[in-house]
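To be precise, the following lines are model-v1.txt, and they hold compact mmCIF, N, CA and C atoms and all ligand atoms.
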# COMPACT_ATOMS: atom_id res chain seq x y z
N MET O 451 129.89 -49.99 -36.24
CA MET O 451 130.42 -49.74 -34.91
C MET O 451 129.35 -49.13 -34.01
N SER O 452 129.43 -49.45 -32.74
CA SER O 452 128.53 -48.81 -31.77
C SER O 452 129.27 -48.74 -30.44
N ARG O 453 128.74 -47.96 -29.54
CA ARG O 453 129.39 -47.82 -28.23
C ARG O 453 129.05 -49.05 -27.37
N ARG O 454 130.08 -49.68 -26.86
CA ARG O 454 129.86 -50.84 -25.99
C ARG O 454 131.07 -51.06 -25.09
N THR O 455 130.96 -52.03 -24.19
CA THR O 455 132.02 -52.29 -23.22
C THR O 455 133.03 -53.29 -23.78
N VAL O 456 134.29 -52.94 -23.70
CA VAL O 456 135.37 -53.82 -24.13
C VAL O 456 136.53 -53.72 -23.14
N VAL O 457 137.44 -54.66 -23.22
CA VAL O 457 138.59 -54.67 -22.32
C VAL O 457 139.61 -53.61 -22.73
N LYS O 458 140.17 -52.98 -21.71
CA LYS O 458 141.21 -51.97 -21.94
C LYS O 458 142.49 -52.47 -21.25
N ILE O 459 143.61 -52.33 -21.92
CA ILE O 459 144.89 -52.78 -21.37
C ILE O 459 145.80 -51.59 -21.13
N ASP O 460 146.27 -51.45 -19.90
CA ASP O 460 147.22 -50.39 -19.56
C ASP O 460 148.62 -50.90 -19.93
N GLU O 461 149.16 -50.41 -21.01
CA GLU O 461 150.45 -50.90 -21.51
C GLU O 461 151.60 -50.58 -20.56
N GLU O 462 151.46 -49.53 -19.78
CA GLU O 462 152.51 -49.19 -18.81
C GLU O 462 152.59 -50.27 -17.73
N LEU O 463 151.43 -50.75 -17.30
CA LEU O 463 151.39 -51.75 -16.22
C LEU O 463 151.65 -53.16 -16.72
N CYS O 464 151.21 -53.49 -17.91
CA CYS O 464 151.32 -54.86 -18.42
C CYS O 464 152.78 -55.30 -18.52
N ASN O 465 153.05 -56.47 -17.92
CA ASN O 465 154.42 -57.00 -17.98
C ASN O 465 154.55 -58.17 -18.94
N GLY O 466 153.45 -58.45 -19.66
CA GLY O 466 153.52 -59.50 -20.68
C GLY O 466 153.56 -60.91 -20.14
N CYS O 467 153.09 -61.10 -18.89
CA CYS O 467 153.19 -62.44 -18.28
C CYS O 467 152.33 -63.48 -18.99
N GLY O 468 151.27 -63.07 -19.65
CA GLY O 468 150.43 -63.99 -20.42
C GLY O 468 149.33 -64.68 -19.62
N ALA O 469 149.20 -64.34 -18.34
CA ALA O 469 148.20 -65.00 -17.50
C ALA O 469 146.78 -64.76 -17.97
N CYS O 470 146.55 -63.69 -18.68
CA CYS O 470 145.18 -63.35 -19.11
C CYS O 470 144.78 -64.03 -20.42
N ILE O 471 145.69 -64.65 -21.09
CA ILE O 471 145.40 -65.16 -22.44
C ILE O 471 144.40 -66.32 -22.41
N SER O 472 144.69 -67.36 -21.63
CA SER O 472 143.77 -68.52 -21.61
C SER O 472 142.41 -68.23 -20.99
N PRO O 473 142.33 -67.41 -19.93
CA PRO O 473 140.99 -67.16 -19.37
C PRO O 473 140.02 -66.52 -20.34
N CYS O 474 140.52 -65.90 -21.38
CA CYS O 474 139.62 -65.32 -22.37
C CYS O 474 139.15 -66.43 -23.30
N ALA O 475 137.91 -66.86 -23.09
CA ALA O 475 137.37 -67.99 -23.85
C ALA O 475 137.23 -67.65 -25.34
N GLU O 476 137.20 -66.37 -25.66
CA GLU O 476 137.00 -65.95 -27.05
C GLU O 476 138.33 -65.79 -27.79
N GLY O 477 139.44 -65.89 -27.07
CA GLY O 477 140.74 -65.74 -27.72
C GLY O 477 141.02 -64.32 -28.19
N ALA O 478 140.46 -63.34 -27.47
CA ALA O 478 140.61 -61.95 -27.89
C ALA O 478 141.98 -61.37 -27.56
N LEU O 479 142.68 -61.99 -26.60
CA LEU O 479 143.95 -61.43 -26.14
C LEU O 479 145.14 -62.22 -26.66
N GLU O 480 146.18 -61.50 -26.93
CA GLU O 480 147.42 -62.12 -27.40
C GLU O 480 148.58 -61.26 -26.91
N ILE O 481 149.74 -61.89 -26.70
CA ILE O 481 150.93 -61.12 -26.34
C ILE O 481 151.63 -60.73 -27.64
N ILE O 482 151.75 -59.44 -27.85
CA ILE O 482 152.42 -58.92 -29.04
C ILE O 482 153.46 -57.90 -28.58
N ASP O 483 154.69 -58.10 -29.00
CA ASP O 483 155.79 -57.23 -28.58
C ASP O 483 155.84 -57.07 -27.07
N GLY O 484 155.59 -58.18 -26.36
CA GLY O 484 155.75 -58.19 -24.91
C GLY O 484 154.60 -57.60 -24.13
N LYS O 485 153.51 -57.27 -24.80
CA LYS O 485 152.35 -56.69 -24.11
C LYS O 485 151.08 -57.41 -24.54
N ALA O 486 150.11 -57.52 -23.60
CA ALA O 486 148.81 -58.08 -23.97
C ALA O 486 148.07 -57.07 -24.84
N ARG O 487 147.40 -57.60 -25.86
CA ARG O 487 146.61 -56.73 -26.74
C ARG O 487 145.32 -57.44 -27.13
N VAL O 488 144.26 -56.64 -27.28
CA VAL O 488 143.01 -57.16 -27.85
C VAL O 488 143.24 -57.16 -29.35
N ILE O 489 143.30 -58.36 -29.95
CA ILE O 489 143.69 -58.41 -31.36
C ILE O 489 142.59 -57.94 -32.31
N LYS O 490 141.32 -58.13 -31.89
CA LYS O 490 140.20 -57.60 -32.69
C LYS O 490 139.06 -57.30 -31.73
N ASP O 491 138.47 -56.15 -31.84
CA ASP O 491 137.35 -55.80 -30.96
C ASP O 491 136.21 -56.81 -31.07
N GLU O 492 136.00 -57.35 -32.26
CA GLU O 492 134.86 -58.27 -32.44
C GLU O 492 135.03 -59.58 -31.67
N LEU O 493 136.25 -59.83 -31.14
CA LEU O 493 136.48 -61.03 -30.33
C LEU O 493 136.21 -60.79 -28.85
N CYS O 494 136.13 -59.54 -28.44
CA CYS O 494 135.96 -59.21 -27.02
C CYS O 494 134.48 -58.98 -26.71
N ASP O 495 133.93 -59.83 -25.82
CA ASP O 495 132.52 -59.67 -25.47
C ASP O 495 132.31 -58.73 -24.29
N GLY O 496 133.42 -58.25 -23.72
CA GLY O 496 133.32 -57.28 -22.62
C GLY O 496 132.88 -57.88 -21.30
N ALA O 497 132.92 -59.22 -21.20
CA ALA O 497 132.50 -59.87 -19.95
C ALA O 497 133.50 -59.58 -18.83
N GLY O 498 134.73 -59.33 -19.18
CA GLY O 498 135.73 -58.92 -18.19
C GLY O 498 136.28 -60.04 -17.34
N PHE O 499 136.19 -61.26 -17.83
CA PHE O 499 136.69 -62.35 -17.02
C PHE O 499 138.21 -62.35 -16.86
N CYS O 500 138.88 -61.67 -17.73
CA CYS O 500 140.34 -61.59 -17.64
C CYS O 500 140.79 -60.60 -16.55
N LEU O 501 139.92 -59.69 -16.14
CA LEU O 501 140.33 -58.59 -15.27
C LEU O 501 141.02 -59.04 -13.98
N GLY O 502 140.35 -59.93 -13.26
CA GLY O 502 140.87 -60.33 -11.97
C GLY O 502 142.07 -61.25 -12.05
N ILE O 503 142.35 -61.78 -13.24
CA ILE O 503 143.48 -62.68 -13.42
C ILE O 503 144.80 -61.90 -13.42
N CYS O 504 144.77 -60.69 -13.92
CA CYS O 504 145.99 -59.90 -14.09
C CYS O 504 146.63 -59.57 -12.74
N PRO O 505 147.88 -59.97 -12.54
CA PRO O 505 148.52 -59.75 -11.24
C PRO O 505 148.91 -58.29 -10.98
N VAL O 506 148.89 -57.47 -12.01
CA VAL O 506 149.34 -56.07 -11.82
C VAL O 506 148.22 -55.06 -12.08
N GLY O 507 147.00 -55.55 -12.27
CA GLY O 507 145.87 -54.63 -12.45
C GLY O 507 145.91 -53.85 -13.75
N ALA O 508 146.46 -54.47 -14.78
CA ALA O 508 146.58 -53.76 -16.07
C ALA O 508 145.30 -53.80 -16.89
N LEU O 509 144.34 -54.63 -16.48
CA LEU O 509 143.13 -54.79 -17.28
C LEU O 509 141.94 -54.10 -16.63
N SER O 510 141.15 -53.46 -17.44
CA SER O 510 139.92 -52.83 -16.96
C SER O 510 138.92 -52.86 -18.11
N LEU O 511 137.73 -52.37 -17.85
CA LEU O 511 136.72 -52.28 -18.90
C LEU O 511 136.50 -50.82 -19.25
N GLU O 512 136.25 -50.57 -20.51
CA GLU O 512 135.93 -49.21 -20.93
C GLU O 512 134.76 -49.27 -21.91
N SER O 513 134.06 -48.16 -21.99
CA SER O 513 132.97 -48.04 -22.96
C SER O 513 133.46 -47.13 -24.08
N ARG O 514 133.47 -47.66 -25.27
CA ARG O 514 133.93 -46.88 -26.42
C ARG O 514 133.32 -47.44 -27.71
N GLU O 515 133.53 -46.73 -28.80
CA GLU O 515 133.08 -47.20 -30.10
C GLU O 515 133.90 -48.44 -30.48
N ALA O 516 133.22 -49.52 -30.82
CA ALA O 516 133.93 -50.75 -31.19
C ALA O 516 133.05 -51.57 -32.12
N ASP O 517 133.71 -52.42 -32.91
CA ASP O 517 132.95 -53.35 -33.74
C ASP O 517 132.13 -54.25 -32.83
N ALA O 518 130.99 -54.71 -33.31
CA ALA O 518 130.12 -55.59 -32.53
C ALA O 518 130.82 -56.92 -32.26
N PHE O 519 130.53 -57.50 -31.10
CA PHE O 519 131.05 -58.83 -30.79
C PHE O 519 130.51 -59.83 -31.81
N SER O 520 131.35 -60.76 -32.27
CA SER O 520 130.96 -61.71 -33.31
C SER O 520 131.29 -63.15 -32.92
N GLU O 521 130.23 -63.95 -32.72
CA GLU O 521 130.44 -65.38 -32.42
C GLU O 521 131.18 -66.06 -33.58
N GLN O 522 130.86 -65.62 -34.79
CA GLN O 522 131.50 -66.21 -35.97
C GLN O 522 133.00 -65.94 -35.96
N ALA O 523 133.38 -64.73 -35.60
CA ALA O 523 134.81 -64.39 -35.53
C ALA O 523 135.49 -65.23 -34.45
N VAL O 524 134.79 -65.50 -33.36
CA VAL O 524 135.36 -66.33 -32.28
C VAL O 524 135.59 -67.75 -32.79
N LYS O 525 134.63 -68.29 -33.54
CA LYS O 525 134.79 -69.65 -34.09
C LYS O 525 136.02 -69.73 -34.99
N ILE O 526 136.15 -68.74 -35.85
CA ILE O 526 137.29 -68.71 -36.77
C ILE O 526 138.60 -68.61 -35.99
N ARG O 527 138.59 -67.79 -34.97
CA ARG O 527 139.79 -67.59 -34.13
C ARG O 527 140.18 -68.91 -33.46
N ARG O 528 139.18 -69.64 -32.96
CA ARG O 528 139.47 -70.93 -32.29
C ARG O 528 140.09 -71.92 -33.28
N LEU O 529 139.54 -71.96 -34.48
CA LEU O 529 140.08 -72.86 -35.49
C LEU O 529 141.52 -72.48 -35.84
N GLU O 530 141.77 -71.19 -35.96
CA GLU O 530 143.13 -70.71 -36.26
C GLU O 530 144.09 -71.11 -35.16
N SER O 531 143.65 -70.94 -33.90
CA SER O 531 144.52 -71.26 -32.77
C SER O 531 144.84 -72.74 -32.73
N GLN O 532 143.81 -73.58 -33.03
CA GLN O 532 144.03 -75.03 -33.02
C GLN O 532 145.02 -75.43 -34.10
N SER O 533 144.85 -74.87 -35.28
CA SER O 533 145.73 -75.27 -36.38
C SER O 533 147.14 -74.74 -36.22
N SER O 534 147.30 -73.63 -35.51
CA SER O 534 148.65 -73.09 -35.32
C SER O 534 149.34 -73.72 -34.12
N GLY O 535 148.58 -74.56 -33.35
CA GLY O 535 149.19 -75.24 -32.21
C GLY O 535 149.50 -74.29 -31.07
N THR O 536 148.78 -73.17 -30.97
CA THR O 536 149.00 -72.22 -29.88
C THR O 536 148.81 -72.93 -28.55
N SER O 537 149.78 -72.78 -27.67
CA SER O 537 149.69 -73.49 -26.40
C SER O 537 148.62 -72.89 -25.50
N TYR O 538 147.90 -73.75 -24.84
CA TYR O 538 146.81 -73.34 -23.97
C TYR O 538 147.23 -73.56 -22.52
N ILE O 539 147.00 -72.56 -21.67
CA ILE O 539 147.36 -72.68 -20.26
C ILE O 539 146.10 -73.06 -19.48
N ALA O 540 146.08 -74.27 -18.93
CA ALA O 540 144.90 -74.74 -18.20
C ALA O 540 144.71 -73.94 -16.92
N GLN O 541 143.45 -73.67 -16.56
CA GLN O 541 143.14 -72.96 -15.32
C GLN O 541 142.95 -73.98 -14.19
N HIS O 542 143.02 -73.47 -12.95
CA HIS O 542 142.92 -74.34 -11.78
C HIS O 542 141.87 -73.84 -10.80
N CYS O 543 141.31 -74.77 -10.05
CA CYS O 543 140.31 -74.43 -9.04
C CYS O 543 140.94 -73.59 -7.95
N MET O 544 140.25 -72.50 -7.56
CA MET O 544 140.75 -71.60 -6.53
C MET O 544 140.84 -72.28 -5.17
N SER O 545 140.10 -73.36 -4.98
CA SER O 545 140.04 -74.01 -3.68
C SER O 545 140.96 -75.22 -3.57
N CYS O 546 140.84 -76.17 -4.50
CA CYS O 546 141.62 -77.41 -4.39
C CYS O 546 142.75 -77.50 -5.42
N ASN O 547 142.81 -76.52 -6.31
CA ASN O 547 143.86 -76.45 -7.34
C ASN O 547 143.73 -77.50 -8.43
N ALA O 548 142.60 -78.20 -8.49
CA ALA O 548 142.40 -79.18 -9.57
C ALA O 548 142.41 -78.44 -10.92
N SER O 549 142.98 -79.08 -11.89
CA SER O 549 143.07 -78.50 -13.23
C SER O 549 141.78 -78.72 -14.01
N GLU O 550 141.52 -77.86 -14.97
CA GLU O 550 140.36 -78.05 -15.85
C GLU O 550 140.52 -79.32 -16.69
N ASP O 551 141.72 -79.88 -16.73
CA ASP O 551 141.91 -81.15 -17.41
C ASP O 551 141.34 -82.31 -16.59
N GLU O 552 141.15 -82.07 -15.27
CA GLU O 552 140.63 -83.11 -14.38
C GLU O 552 139.15 -82.96 -14.09
N ARG O 553 138.69 -81.70 -13.94
CA ARG O 553 137.31 -81.44 -13.53
C ARG O 553 136.74 -80.25 -14.28
N TYR O 554 135.41 -80.18 -14.26
CA TYR O 554 134.75 -79.00 -14.82
C TYR O 554 135.03 -77.82 -13.91
N LEU O 555 135.40 -76.68 -14.49
CA LEU O 555 135.60 -75.45 -13.72
C LEU O 555 134.54 -74.43 -14.11
N LEU O 556 134.06 -73.69 -13.12
CA LEU O 556 133.06 -72.66 -13.35
C LEU O 556 133.65 -71.31 -12.97
N PRO O 557 133.31 -70.27 -13.71
CA PRO O 557 133.83 -68.94 -13.38
C PRO O 557 133.13 -68.35 -12.16
N VAL O 558 133.89 -67.68 -11.32
CA VAL O 558 133.35 -67.04 -10.12
C VAL O 558 133.91 -65.63 -10.04
N LYS O 559 133.04 -64.65 -9.89
CA LYS O 559 133.50 -63.27 -9.71
C LYS O 559 133.34 -62.91 -8.25
N TYR O 560 134.37 -62.27 -7.65
CA TYR O 560 134.29 -61.86 -6.24
C TYR O 560 135.17 -60.64 -6.02
N LYS O 561 134.57 -59.56 -5.54
CA LYS O 561 135.30 -58.33 -5.23
C LYS O 561 136.23 -57.89 -6.36
N GLY O 562 135.74 -57.95 -7.56
CA GLY O 562 136.53 -57.49 -8.69
C GLY O 562 137.46 -58.54 -9.26
N GLY O 563 137.59 -59.66 -8.57
CA GLY O 563 138.48 -60.72 -9.04
C GLY O 563 137.73 -61.71 -9.90
N ALA O 564 138.46 -62.45 -10.71
CA ALA O 564 137.89 -63.50 -11.55
C ALA O 564 138.59 -64.80 -11.20
N LEU O 565 137.84 -65.73 -10.66
CA LEU O 565 138.42 -66.98 -10.19
C LEU O 565 137.70 -68.16 -10.84
N TRP O 566 138.24 -69.36 -10.61
CA TRP O 566 137.62 -70.58 -11.11
C TRP O 566 137.38 -71.51 -9.95
N CYS O 567 136.27 -72.20 -10.00
CA CYS O 567 135.94 -73.15 -8.92
C CYS O 567 135.47 -74.44 -9.57
N CYS O 568 136.00 -75.58 -9.10
CA CYS O 568 135.59 -76.86 -9.69
C CYS O 568 134.25 -77.29 -9.12
N THR O 569 133.59 -78.19 -9.80
CA THR O 569 132.25 -78.62 -9.39
C THR O 569 132.28 -79.32 -8.03
N ARG O 570 133.41 -79.90 -7.66
CA ARG O 570 133.49 -80.58 -6.37
C ARG O 570 133.55 -79.55 -5.22
N CYS O 571 134.20 -78.44 -5.45
CA CYS O 571 134.35 -77.42 -4.41
C CYS O 571 133.20 -76.41 -4.38
N LEU O 572 132.43 -76.35 -5.46
CA LEU O 572 131.37 -75.34 -5.57
C LEU O 572 130.34 -75.41 -4.43
N PRO O 573 129.87 -76.60 -4.03
CA PRO O 573 128.90 -76.63 -2.93
C PRO O 573 129.43 -75.96 -1.65
N GLY O 574 130.71 -76.16 -1.35
CA GLY O 574 131.31 -75.53 -0.17
C GLY O 574 131.34 -74.02 -0.31
N LEU O 575 131.55 -73.55 -1.51
CA LEU O 575 131.57 -72.11 -1.75
C LEU O 575 130.17 -71.53 -1.57
N ILE O 576 129.17 -72.26 -2.05
CA ILE O 576 127.78 -71.79 -1.98
C ILE O 576 127.29 -71.78 -0.53
N HIS O 577 127.58 -72.85 0.19
CA HIS O 577 127.02 -73.00 1.54
C HIS O 577 127.95 -72.49 2.64
N GLY O 578 129.17 -72.10 2.27
CA GLY O 578 130.09 -71.51 3.23
C GLY O 578 130.80 -72.49 4.12
S1 LIG W 601 147.79 -60.78 -17.05
FE1 LIG W 601 148.10 -58.52 -16.96
S2 LIG W 601 150.32 -58.27 -16.94
FE2 LIG W 601 149.93 -60.37 -17.64
S3 LIG W 601 149.86 -60.19 -19.91
FE3 LIG W 601 147.75 -59.98 -19.19
S4 LIG W 601 147.44 -57.73 -18.96
FE4 LIG W 601 149.66 -58.09 -19.09
Translate this structure into structure tokens?
Amino acid sequence: MSRRTVVKIDEELCNGCGACISPCAEGALEIIDGKARVIKDELCDGAGFCLGICPVGALSLESREADAFSEQAVKIRRLESQSSGTSYIAQHCMSCNASEDERYLLPVKYKGGALWCCTRCLPGLIHG
């Protein structure tokens, strides 16, 4: 274990909506007993992409003692999710609402929020 940045969930604020589950590419979050939880520290890379997705501000980052992030653990987690048939919620472009099933989406951080932008809309975002 070492001190590093990981996601923190405010259980009082979390309403269990599940909006943060799919944006976590590592599969670190799961709804358990109606609340989002980091199921294993080694799955959370601390990038914080889930933060801006939460509609009630229940997610933040904290620095604490945690197991090191593990790419291997993420691979195993993905395989487990595929075999269990866990449903995946596709993300949508912040501008045109295209689904990731239709176009490539790229992550965009802005004023603390975490959004997605498709490759077709990205030039407009860059050039204003
Ligand atoms: S998006 Fe926020 S409120 Fe919804 S499950 Fe995740 S932490 Fe809880």
Problem - Between atom C of O:Ala516 and atom C of O:Met451, distance in Å (one decimal) - result: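 Rounded to one decimal, the two atoms are 4.8 Å apart.
With all atoms listed in the file as the atoms that count, the residue of O:Pro557, O:Gly468, O:Gly477, O:Gly502 with the shortest distance to ligand LIG 601 (chain W) is O:Gly468.
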Practice task
Using only C-alpha atoms and all ligand atoms, determine which residues fall within 10 Å of ligand LIG 601 (chain W), then list them as an MDAnalysis selection string.
Solution key: chainID O and resid 457:473 479:482 484:488 500:510
Problem - From O:His542, O:Glu492, O:Cys567, O:Val558, residue lying nearest O:Lys525 [only C-alpha atoms] - result: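 Among the listed residues, the smallest separation from O:Lys525 belongs to O:Glu492.
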Problem - In chain O, DSSP strand (DSSP E or B) residues written as an NGL selection string - result: :O and (452-459 or 479-482 or 485-488 or 509-516 or 542 or 549 or 555-560 or 563-568)
Problem - Between atom N of O:Glu515 and atom C of O:Arg454 - distance in Å to one decimal - result: 6.2 Å
Practice task
Write out as a list in words all residues of chain O that backbone DSSP assigns to alpha helix (DSSP H).
Solution key: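 So the alpha helix (DSSP H) residues in chain O would be Glu521, Gln522, Ala523, Val524, Lys525, Ile526, Arg527, Arg528, Leu529, Glu530, Ser531, Gln532, Ser533, Ser534, Leu572, Pro573, Gly574, Leu575, Ile576 and His577 of chain O.
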Practice task
Could you please determine the separation between atom C of O:Leu565 and atom N of O:Glu512 in Å, to one decimal place?
Solution key: 20.1 Å
Problem - Distance criterion (all atoms listed in the file): nearest to O:Cys543 out of O:Cys568, O:Leu529, O:Val524, O:Ala518 - result: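 Among the listed residues, the smallest separation from O:Cys543 belongs to O:Cys568.
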Practice task
Choose the residue, out of O:Cys474, O:Cys546, O:Ser533, O:Cys494, that has the smallest atom-to-atom separation from O:Ala564; count only C-alpha atoms.
Solution key: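 That would be O:Cys474, the residue with the smallest distance to O:Ala564.
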Problem - Pick from O:Asp491, O:Ala548, O:Gln541, O:Glu521, whichever lies nearest to O:Arg453 using only C-alpha atoms - result: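 Between O:Asp491, O:Ala548, O:Gln541, O:Glu521, the residue approaching O:Arg453 most closely is O:Asp491.
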Name the residues within 7 Å of (130.1, -74.5, -10.4), counting all atoms listed in the file in the file's coordinates, and put them as a tab-separated table (two decimals) with N, CA and C atoms, in the coordinates of the input.
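The resulting file, part.tsv, is shown below:
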chain	number	residue	atom	x	y	z
O	554	TYR	N	135.41	-80.18	-14.26
O	554	TYR	CA	134.75	-79.00	-14.82
O	554	TYR	C	135.03	-77.82	-13.91
O	555	LEU	N	135.40	-76.68	-14.49
O	555	LEU	CA	135.60	-75.45	-13.72
O	555	LEU	C	134.54	-74.43	-14.11
O	556	LEU	N	134.06	-73.69	-13.12
O	556	LEU	CA	133.06	-72.66	-13.35
O	556	LEU	C	133.65	-71.31	-12.97
O	557	PRO	N	133.31	-70.27	-13.71
O	557	PRO	CA	133.83	-68.94	-13.38
O	557	PRO	C	133.13	-68.35	-12.16
O	567	CYS	N	136.27	-72.20	-10.00
O	567	CYS	CA	135.94	-73.15	-8.92
O	567	CYS	C	135.47	-74.44	-9.57
O	568	CYS	N	136.00	-75.58	-9.10
O	568	CYS	CA	135.59	-76.86	-9.69
O	568	CYS	C	134.25	-77.29	-9.12
O	569	THR	N	133.59	-78.19	-9.80
O	569	THR	CA	132.25	-78.62	-9.39
O	569	THR	C	132.28	-79.32	-8.03
O	570	ARG	N	133.41	-79.90	-7.66
O	570	ARG	CA	133.49	-80.58	-6.37
O	570	ARG	C	133.55	-79.55	-5.22
O	572	LEU	N	132.43	-76.35	-5.46
O	572	LEU	CA	131.37	-75.34	-5.57
O	572	LEU	C	130.34	-75.41	-4.43
O	573	PRO	N	129.87	-76.60	-4.03
O	573	PRO	CA	128.90	-76.63	-2.93
O	573	PRO	C	129.43	-75.96	-1.65
